[in-house]
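Visitor: Sharing a structure with you now.
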Amino acid sequence: MRFPNVAEPLEKDYDDIYDYTDIDALPVFSEKKKFTELDNYEKMLLRDYIRSAIIEHWEYLSVCPNEQDLIEIRKRMMRVVEDEWHIILKNDKTLRKFFQDNAAVAINKLQKKTEDSPPKSD
């Protein structure tokens, strides 16, 4: 470590340190929110996530998700929201009702689609 010359300003020694600061390496802190505090766009994205997760489950396992599967999908959704949006959603009654309602709609559509489609012949 060298000591600055009296004629040099002290800031000169620290300029190099600040030039190499990587903004992506700084910590990101998640914000706690209730479901009701989300805007309409965020709620729409959650609705799409729920529906696509249920469709994916249905297509992969060829079976309707049971209660435990739905709980796991909801937990995964909340992790994705925290990882991607940096929002910690409170798992309150409103969020659970929103999830349940949208899951029911997605499952009903898939069941109707399955009933309407002709059986596959091998």
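By convention in this document, the chains of the structure tokens carry letters A, B, ... by their order, each chain's residues are numbered from 1, and ligands are numbered from 1 in the order they are shown.
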List the spatial neighbours of segment 77-80 of chain A as a list in words - criterion: any atom at most 7 Å away, only C-alpha atoms, same-chain residues fewer than 4 positions off excluded.

Guide: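 So the residues in contact are Ile73, Glu84 and Leu89 of chain A.
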
Visitor: Extract, using only C-alpha atoms, all DNA, RNA and protein residues at most 12 Å from Ile55 of chain A, discarding same-chain residues fewer than 6 positions from it, and format them as JSON, numbers by chain.

Guide: {"A": [48, 49, 61, 62, 63, 64, 65, 70, 73, 103, 104, 105, 106, 107, 108, 109, 110, 111, 113, 114]}

Visitor: Can you measure atom CA of Arg96 of chain A to atom CA of Phe29 of chain A for me? One decimal in Å is fine.

Guide: 24.4 Å

Visitor: Going by DSSP on the backbone, which bits of segment 16-117 of chain A are strand (DSSP E or B)? Write them as a PyMOL selection string, please.

Guide: chain A and resi 31-33+87-89

Visitor: Using C-alpha atoms, can you write the selected residues to a file as a short mmCIF file (atom, residue, chain, number, x, y, z; two decimals), in the first residue's frame?

Guide:
data_model
loop_
_atom_site.label_atom_id
_atom_site.label_comp_id
_atom_site.auth_asym_id
_atom_site.auth_seq_id
_atom_site.Cartn_x
_atom_site.Cartn_y
_atom_site.Cartn_z
CA GLU A 31 -39.92 -6.50 -0.71
CA LYS A 32 -42.73 -8.01 1.34
CA LYS A 33 -46.17 -7.52 -0.18
CA ILE A 87 -41.32 -9.76 -3.96
CA ILE A 88 -42.08 -11.94 -0.96
CA LEU A 89 -45.80 -12.61 -1.19
#

Visitor: So how many Å separate atom CA of Asn102 of chain A and atom CA of Arg47 of chain A, to one decimal?

Guide: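 So the answer is 6.4 Å.
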
Visitor: Among segment 5-116 of chain A, which residues does DSSP mark as alpha helix (DSSP H) when it is run on the backbone? Keep the chain and numbering as in the structure and answer as a ChimeraX atom specification.

Guide: /A:11-19,40-61,67-80,93-116

Visitor: Counting only C-alpha atoms, which of A:Arg74, A:Asp39, A:His57, A:Pro27 gets nearest to Lys97 of chain A?

Guide: A:Arg74

Visitor: Mind pulling up the distance from atom CA of Lys75 of chain A to atom CA of Phe99 of chain A?

Guide: 10.7 Å
